[in-house]
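Participant: My questions will all concern the structure given below.
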Amino acid sequence: MAKAFVGIGSNLGDRERQIAEALELLSGEDGIEVLAVSTLRETEPVGYRDQPRFLNGAVAVETELPARELLDRLLAIERRLGRVRSEGPRFGPRTIDLDLLLYGAETIDEPGLQVPHPRLAERRFALEPLAELEPALEVPGSGPVQALLAGLE
């Protein structure tokens, strides 16, 4: 079993409902147990700025699935909720976004799968919910989540 952290966000339509639906689908997946969900926070878009504000949070899960299969399940949930990753600008608006942020203490660099998430250490909207869920959390290769947050101030 591995403990993993998933970033969750939305900035189109009924953001709260879409996040709730994604959490319900995630909870219903075999081999995945949702342990905790952070507070959701309003955040400014990063990268592509001409879009609505996001609602972002994080989810702690325990899973028997390998990281690749967990990511595949996350992407399948996105598709079920209407997300088409190939449409629109990179970092553009989305109905739902599920990102595998951390998978245990592992560092993975494969085509289509990077863990920790490659931009995690520079994104307050992802670090704050992680710190809420597990204040002593270490990001492999980058250090304590609290130190990473302090470095962004």
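Chain labels A, B, ... are given in the sequence in which chains occur in the structure tokens; within each chain residues are numbered consecutively from 1, and ligands are likewise numbered from 1 in the order shown.
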Skipping near chain neighbours, those fewer than 5 positions away, what residues fall within 8 Å of segment 29-43 of chain A using only C-alpha atoms, listed as a VMD selection string?
Facilitator: chain A and resid 53 to 65 125 129 to 130 132 to 133
Participant: Run DSSP on the backbone of this structure and report the residues of segment 41-147 of chain A it assigns to alpha helix (DSSP H), as a ChimeraX atom specification.
Facilitator: /A:67-80,124-133,145-147
Participant: Pull the strand (DSSP E or B) assignments for chain A out of DSSP run on the backbone, and list those residues as a compact mmCIF listing (two decimals) with all heavy atoms, in the first residue's frame.
Facilitator:
```
# COMPACT_ATOMS: atom_id res chain seq x y z
N ALA A 2 0.48 2.24 -0.73
CA ALA A 2 1.21 3.50 -0.80
C ALA A 2 0.26 4.64 -0.46
O ALA A 2 -0.93 4.59 -0.80
CB ALA A 2 1.78 3.71 -2.19
N LYS A 3 0.81 5.64 0.20
CA LYS A 3 0.06 6.86 0.43
C LYS A 3 0.42 7.82 -0.69
O LYS A 3 1.60 8.04 -0.98
CB LYS A 3 0.39 7.47 1.79
CG LYS A 3 -0.48 8.65 2.15
CD LYS A 3 -0.25 9.07 3.59
CE LYS A 3 -1.25 10.11 4.02
NZ LYS A 3 -1.02 10.51 5.42
N ALA A 4 -0.59 8.38 -1.32
CA ALA A 4 -0.38 9.30 -2.43
C ALA A 4 -1.20 10.56 -2.19
O ALA A 4 -2.16 10.55 -1.42
CB ALA A 4 -0.77 8.64 -3.75
N PHE A 5 -0.81 11.62 -2.87
CA PHE A 5 -1.53 12.89 -2.78
C PHE A 5 -1.90 13.33 -4.18
O PHE A 5 -1.06 13.31 -5.09
CB PHE A 5 -0.67 13.95 -2.08
CG PHE A 5 -0.45 13.66 -0.63
CD1 PHE A 5 0.62 12.87 -0.23
CD2 PHE A 5 -1.31 14.15 0.34
CE1 PHE A 5 0.84 12.59 1.10
CE2 PHE A 5 -1.11 13.88 1.68
CZ PHE A 5 -0.04 13.10 2.07
N VAL A 6 -3.15 13.75 -4.32
CA VAL A 6 -3.70 14.15 -5.60
C VAL A 6 -4.16 15.59 -5.49
O VAL A 6 -4.88 15.95 -4.56
CB VAL A 6 -4.91 13.24 -5.97
CG1 VAL A 6 -5.57 13.70 -7.26
CG2 VAL A 6 -4.47 11.78 -6.06
N GLY A 7 -3.73 16.42 -6.44
CA GLY A 7 -4.25 17.78 -6.53
C GLY A 7 -5.56 17.74 -7.27
O GLY A 7 -5.74 16.98 -8.23
N ILE A 8 -6.51 18.56 -6.81
CA ILE A 8 -7.83 18.60 -7.44
C ILE A 8 -8.22 20.06 -7.66
O ILE A 8 -7.99 20.89 -6.79
CB ILE A 8 -8.87 17.83 -6.60
CG1 ILE A 8 -10.17 17.67 -7.35
CG2 ILE A 8 -9.05 18.44 -5.23
CD1 ILE A 8 -11.10 16.63 -6.75
N GLY A 9 -8.75 20.35 -8.84
CA GLY A 9 -9.14 21.73 -9.12
C GLY A 9 -10.15 21.82 -10.24
O GLY A 9 -10.34 20.88 -11.01
N SER A 10 -10.79 22.99 -10.31
CA SER A 10 -11.77 23.26 -11.35
C SER A 10 -11.91 24.77 -11.48
O SER A 10 -11.82 25.50 -10.48
CB SER A 10 -13.13 22.65 -10.97
OG SER A 10 -14.13 23.02 -11.90
N ILE A 32 -8.39 2.09 -4.17
CA ILE A 32 -8.10 3.45 -3.72
C ILE A 32 -9.00 3.78 -2.55
O ILE A 32 -10.22 3.63 -2.63
CB ILE A 32 -8.33 4.49 -4.84
CG1 ILE A 32 -7.46 4.19 -6.06
CG2 ILE A 32 -8.09 5.91 -4.32
CD1 ILE A 32 -7.78 5.05 -7.27
N GLU A 33 -8.39 4.23 -1.45
CA GLU A 33 -9.17 4.69 -0.30
C GLU A 33 -8.84 6.16 -0.05
O GLU A 33 -7.68 6.53 0.12
CB GLU A 33 -8.81 3.88 0.95
CG GLU A 33 -9.58 4.34 2.17
CD GLU A 33 -9.15 3.65 3.45
OE1 GLU A 33 -8.33 2.70 3.40
OE2 GLU A 33 -9.63 4.07 4.52
N VAL A 34 -9.87 7.00 -0.08
CA VAL A 34 -9.69 8.41 0.22
C VAL A 34 -9.54 8.55 1.73
O VAL A 34 -10.42 8.15 2.49
CB VAL A 34 -10.86 9.27 -0.31
CG1 VAL A 34 -10.74 10.70 0.18
CG2 VAL A 34 -10.90 9.21 -1.84
N LEU A 35 -8.41 9.12 2.16
CA LEU A 35 -8.13 9.29 3.58
C LEU A 35 -8.56 10.65 4.09
O LEU A 35 -9.08 10.77 5.21
CB LEU A 35 -6.62 9.11 3.86
CG LEU A 35 -6.00 7.79 3.45
CD1 LEU A 35 -4.49 7.84 3.66
CD2 LEU A 35 -6.62 6.65 4.24
N ALA A 36 -8.32 11.70 3.32
CA ALA A 36 -8.63 13.06 3.75
C ALA A 36 -8.68 13.98 2.54
O ALA A 36 -8.01 13.74 1.53
CB ALA A 36 -7.59 13.56 4.73
N VAL A 37 -9.47 15.05 2.67
CA VAL A 37 -9.58 16.07 1.63
C VAL A 37 -9.30 17.42 2.29
O VAL A 37 -9.86 17.72 3.34
CB VAL A 37 -10.98 16.07 0.98
CG1 VAL A 37 -11.08 17.15 -0.10
CG2 VAL A 37 -11.33 14.71 0.41
N ARG A 41 -9.70 26.08 -1.91
CA ARG A 41 -9.33 27.50 -1.88
C ARG A 41 -9.45 28.11 -3.27
O ARG A 41 -9.12 27.48 -4.26
CB ARG A 41 -7.91 27.72 -1.38
CG ARG A 41 -7.16 26.49 -1.12
CD ARG A 41 -5.74 26.55 -0.73
NE ARG A 41 -5.40 26.39 0.65
CZ ARG A 41 -5.63 25.33 1.40
NH1 ARG A 41 -6.24 24.30 0.90
NH2 ARG A 41 -5.24 25.29 2.64
N GLU A 42 -9.89 29.37 -3.28
CA GLU A 42 -9.93 30.16 -4.52
C GLU A 42 -8.50 30.56 -4.86
O GLU A 42 -7.78 31.07 -3.99
CB GLU A 42 -10.73 31.44 -4.30
CG GLU A 42 -12.21 31.24 -4.24
CD GLU A 42 -12.88 31.44 -5.59
OE1 GLU A 42 -12.27 32.01 -6.51
OE2 GLU A 42 -14.03 31.03 -5.69
N THR A 43 -8.09 30.33 -6.09
CA THR A 43 -6.73 30.68 -6.50
C THR A 43 -6.72 31.33 -7.87
O THR A 43 -7.60 31.09 -8.69
CB THR A 43 -5.82 29.44 -6.51
OG1 THR A 43 -6.29 28.52 -7.48
CG2 THR A 43 -5.78 28.76 -5.14
N PHE A 54 -9.62 29.57 -10.03
CA PHE A 54 -9.75 28.15 -9.73
C PHE A 54 -10.25 27.93 -8.31
O PHE A 54 -10.07 28.78 -7.44
CB PHE A 54 -8.39 27.44 -9.87
CG PHE A 54 -8.04 27.08 -11.28
CD1 PHE A 54 -7.45 28.00 -12.11
CD2 PHE A 54 -8.31 25.80 -11.77
CE1 PHE A 54 -7.12 27.67 -13.41
CE2 PHE A 54 -7.98 25.47 -13.07
CZ PHE A 54 -7.39 26.40 -13.89
N LEU A 55 -10.80 26.78 -8.11
CA LEU A 55 -11.04 26.23 -6.78
C LEU A 55 -10.11 25.03 -6.71
O LEU A 55 -10.19 24.13 -7.56
CB LEU A 55 -12.50 25.80 -6.64
CG LEU A 55 -13.03 25.58 -5.24
CD1 LEU A 55 -12.85 26.82 -4.37
CD2 LEU A 55 -14.50 25.20 -5.29
N ASN A 56 -9.17 25.04 -5.76
CA ASN A 56 -8.13 24.00 -5.68
C ASN A 56 -8.05 23.40 -4.29
O ASN A 56 -8.32 24.07 -3.29
CB ASN A 56 -6.74 24.59 -6.01
CG ASN A 56 -6.51 24.74 -7.48
OD1 ASN A 56 -6.73 23.82 -8.25
ND2 ASN A 56 -6.05 25.90 -7.88
N GLY A 57 -7.61 22.16 -4.25
CA GLY A 57 -7.37 21.47 -2.99
C GLY A 57 -6.50 20.25 -3.25
O GLY A 57 -5.91 20.11 -4.33
N ALA A 58 -6.43 19.39 -2.25
CA ALA A 58 -5.66 18.15 -2.39
C ALA A 58 -6.38 17.03 -1.65
O ALA A 58 -7.16 17.27 -0.73
CB ALA A 58 -4.25 18.32 -1.84
N VAL A 59 -6.07 15.81 -2.06
CA VAL A 59 -6.67 14.61 -1.50
C VAL A 59 -5.55 13.65 -1.12
O VAL A 59 -4.66 13.39 -1.93
CB VAL A 59 -7.60 13.93 -2.54
CG1 VAL A 59 -8.32 12.74 -1.94
CG2 VAL A 59 -8.58 14.92 -3.15
N ALA A 60 -5.62 13.13 0.09
CA ALA A 60 -4.70 12.07 0.51
C ALA A 60 -5.41 10.74 0.28
O ALA A 60 -6.57 10.58 0.67
CB ALA A 60 -4.33 12.22 1.99
N VAL A 61 -4.73 9.82 -0.39
CA VAL A 61 -5.31 8.50 -0.64
C VAL A 61 -4.31 7.42 -0.23
O VAL A 61 -3.11 7.66 -0.19
CB VAL A 61 -5.71 8.30 -2.13
CG1 VAL A 61 -6.73 9.33 -2.56
CG2 VAL A 61 -4.51 8.30 -3.05
N GLU A 62 -4.85 6.26 0.05
CA GLU A 62 -4.02 5.08 0.22
C GLU A 62 -4.41 4.15 -0.92
O GLU A 62 -5.60 3.99 -1.22
CB GLU A 62 -4.26 4.43 1.57
CG GLU A 62 -3.26 3.34 1.89
CD GLU A 62 -3.35 2.91 3.33
OE1 GLU A 62 -4.35 2.25 3.67
OE2 GLU A 62 -2.44 3.23 4.10
N THR A 63 -3.41 3.57 -1.55
CA THR A 63 -3.71 2.75 -2.73
C THR A 63 -2.80 1.55 -2.82
O THR A 63 -1.65 1.59 -2.40
CB THR A 63 -3.61 3.60 -4.02
OG1 THR A 63 -3.99 2.79 -5.13
CG2 THR A 63 -2.21 4.15 -4.23
N ASP A 97 -9.54 18.94 -12.83
CA ASP A 97 -8.12 18.66 -12.98
C ASP A 97 -7.70 17.78 -11.81
O ASP A 97 -7.89 18.17 -10.65
CB ASP A 97 -7.33 19.97 -12.97
CG ASP A 97 -5.88 19.81 -13.33
OD1 ASP A 97 -5.55 18.86 -14.07
OD2 ASP A 97 -5.06 20.63 -12.88
N LEU A 98 -7.19 16.61 -12.11
CA LEU A 98 -6.69 15.68 -11.10
C LEU A 98 -5.22 15.40 -11.42
O LEU A 98 -4.92 14.83 -12.46
CB LEU A 98 -7.49 14.37 -11.10
CG LEU A 98 -8.96 14.49 -10.76
CD1 LEU A 98 -9.68 13.17 -11.01
CD2 LEU A 98 -9.14 14.94 -9.32
N ASP A 99 -4.33 15.84 -10.54
CA ASP A 99 -2.90 15.66 -10.75
C ASP A 99 -2.31 14.78 -9.66
O ASP A 99 -2.54 15.05 -8.47
CB ASP A 99 -2.17 17.01 -10.71
CG ASP A 99 -2.45 17.87 -11.93
OD1 ASP A 99 -2.63 17.30 -13.03
OD2 ASP A 99 -2.48 19.10 -11.78
N LEU A 100 -1.54 13.79 -10.05
CA LEU A 100 -0.81 12.97 -9.09
C LEU A 100 0.39 13.80 -8.64
O LEU A 100 1.33 14.01 -9.39
CB LEU A 100 -0.38 11.65 -9.71
CG LEU A 100 0.39 10.69 -8.80
CD1 LEU A 100 -0.38 10.38 -7.53
CD2 LEU A 100 0.71 9.41 -9.57
N LEU A 101 0.33 14.29 -7.39
CA LEU A 101 1.39 15.16 -6.87
C LEU A 101 2.52 14.36 -6.25
O LEU A 101 3.69 14.63 -6.52
CB LEU A 101 0.81 16.12 -5.83
CG LEU A 101 -0.32 17.04 -6.31
CD1 LEU A 101 -0.87 17.86 -5.15
CD2 LEU A 101 0.14 17.92 -7.45
N LEU A 102 2.17 13.39 -5.40
CA LEU A 102 3.16 12.58 -4.70
C LEU A 102 2.67 11.14 -4.62
O LEU A 102 1.47 10.90 -4.48
CB LEU A 102 3.37 13.10 -3.27
CG LEU A 102 3.93 14.51 -3.11
CD1 LEU A 102 3.83 14.96 -1.67
CD2 LEU A 102 5.37 14.55 -3.59
N TYR A 103 3.62 10.22 -4.68
CA TYR A 103 3.30 8.79 -4.55
C TYR A 103 4.33 8.22 -3.57
O TYR A 103 5.46 7.91 -3.95
CB TYR A 103 3.38 8.09 -5.90
CG TYR A 103 2.95 6.65 -5.86
CD1 TYR A 103 1.61 6.30 -5.98
CD2 TYR A 103 3.89 5.64 -5.67
CE1 TYR A 103 1.21 4.97 -5.94
CE2 TYR A 103 3.49 4.31 -5.63
CZ TYR A 103 2.16 3.98 -5.76
OH TYR A 103 1.77 2.67 -5.71
N ILE A 108 9.61 9.35 -9.69
CA ILE A 108 9.35 8.63 -10.93
C ILE A 108 9.49 9.60 -12.09
O ILE A 108 8.94 10.71 -12.05
CB ILE A 108 7.93 8.02 -10.93
CG1 ILE A 108 7.73 7.12 -9.71
CG2 ILE A 108 7.66 7.26 -12.23
CD1 ILE A 108 6.28 6.74 -9.45
N ASP A 109 10.23 9.20 -13.11
CA ASP A 109 10.37 10.02 -14.31
C ASP A 109 10.28 9.11 -15.52
O ASP A 109 11.26 8.51 -15.96
CB ASP A 109 11.70 10.78 -14.29
CG ASP A 109 11.80 11.82 -15.41
OD1 ASP A 109 10.83 11.96 -16.19
OD2 ASP A 109 12.84 12.48 -15.50
N GLU A 110 9.05 8.98 -16.01
CA GLU A 110 8.75 8.14 -17.17
C GLU A 110 7.95 8.98 -18.15
O GLU A 110 7.35 9.99 -17.75
CB GLU A 110 7.88 6.94 -16.76
CG GLU A 110 8.47 6.05 -15.71
CD GLU A 110 7.48 4.99 -15.22
OE1 GLU A 110 6.32 4.94 -15.70
OE2 GLU A 110 7.87 4.24 -14.34
N LEU A 113 4.56 10.45 -16.93
CA LEU A 113 4.41 10.31 -15.48
C LEU A 113 5.66 10.84 -14.77
O LEU A 113 6.74 10.26 -14.91
CB LEU A 113 4.18 8.85 -15.09
CG LEU A 113 4.14 8.55 -13.59
CD1 LEU A 113 2.99 9.29 -12.91
CD2 LEU A 113 4.03 7.05 -13.35
N GLN A 114 5.49 11.94 -14.08
CA GLN A 114 6.56 12.49 -13.25
C GLN A 114 6.03 12.70 -11.84
O GLN A 114 5.01 13.37 -11.65
CB GLN A 114 7.06 13.82 -13.81
CG GLN A 114 7.86 13.68 -15.07
CD GLN A 114 8.39 15.01 -15.52
OE1 GLN A 114 7.66 15.84 -16.05
NE2 GLN A 114 9.68 15.23 -15.30
N VAL A 115 6.71 12.09 -10.89
CA VAL A 115 6.36 12.21 -9.48
C VAL A 115 7.64 12.45 -8.73
O VAL A 115 8.62 11.73 -8.97
CB VAL A 115 5.67 10.93 -8.96
CG1 VAL A 115 5.32 11.04 -7.49
CG2 VAL A 115 4.41 10.62 -9.77
N GLU A 138 7.26 15.54 3.44
CA GLU A 138 8.50 15.78 2.69
C GLU A 138 8.22 15.54 1.21
O GLU A 138 7.63 14.52 0.86
CB GLU A 138 9.60 14.82 3.14
CG GLU A 138 10.06 15.02 4.56
CD GLU A 138 11.22 16.01 4.67
OE1 GLU A 138 11.94 16.20 3.68
OE2 GLU A 138 11.37 16.57 5.76
N VAL A 139 8.67 16.46 0.38
CA VAL A 139 8.58 16.29 -1.06
C VAL A 139 9.92 15.71 -1.52
O VAL A 139 10.95 16.37 -1.39
CB VAL A 139 8.28 17.62 -1.77
CG1 VAL A 139 8.28 17.44 -3.28
CG2 VAL A 139 6.94 18.20 -1.29
N GLY A 143 12.44 18.64 -0.33
CA GLY A 143 12.44 18.96 1.09
C GLY A 143 11.05 19.10 1.69
O GLY A 143 10.06 18.77 1.05
N PRO A 144 11.00 19.60 2.92
CA PRO A 144 9.72 19.72 3.63
C PRO A 144 8.77 20.69 2.92
O PRO A 144 9.18 21.76 2.46
CB PRO A 144 10.11 20.26 5.01
CG PRO A 144 11.57 20.02 5.14
CD PRO A 144 12.12 20.03 3.75
```
Participant: Looking at only C-alpha atoms, which of A:Ala121, A:Ala126, A:Val84, A:Met1 is the one that sits closest to Ala147 of chain A?
Facilitator: A:Ala121
Participant: Closest to Gly112 of chain A among A:Ala136, A:Arg68, A:Leu149, A:Pro93, using only C-alpha atoms?
Facilitator: A:Arg68
Participant: Might you pull out every residue within 7 Å of segment 140-142 of chain A, with only C-alpha atoms counted and same-chain residues fewer than 5 positions away left off, and present them as a list in words?
Facilitator: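 The contact residues come out as Ala105, Glu106, Thr107 and Pro116 of chain A.
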Participant: Within 8 Å of segment 22-26 of chain A, counting only C-alpha atoms, which residues show up once you throw out same-chain ones fewer than 3 positions away? Write them as a list in words, please.
Facilitator: Gln18, Ile19, Glu29, Ile32, Val34, Leu74, Ile77, Glu78, Leu81 and Ile96 of chain A
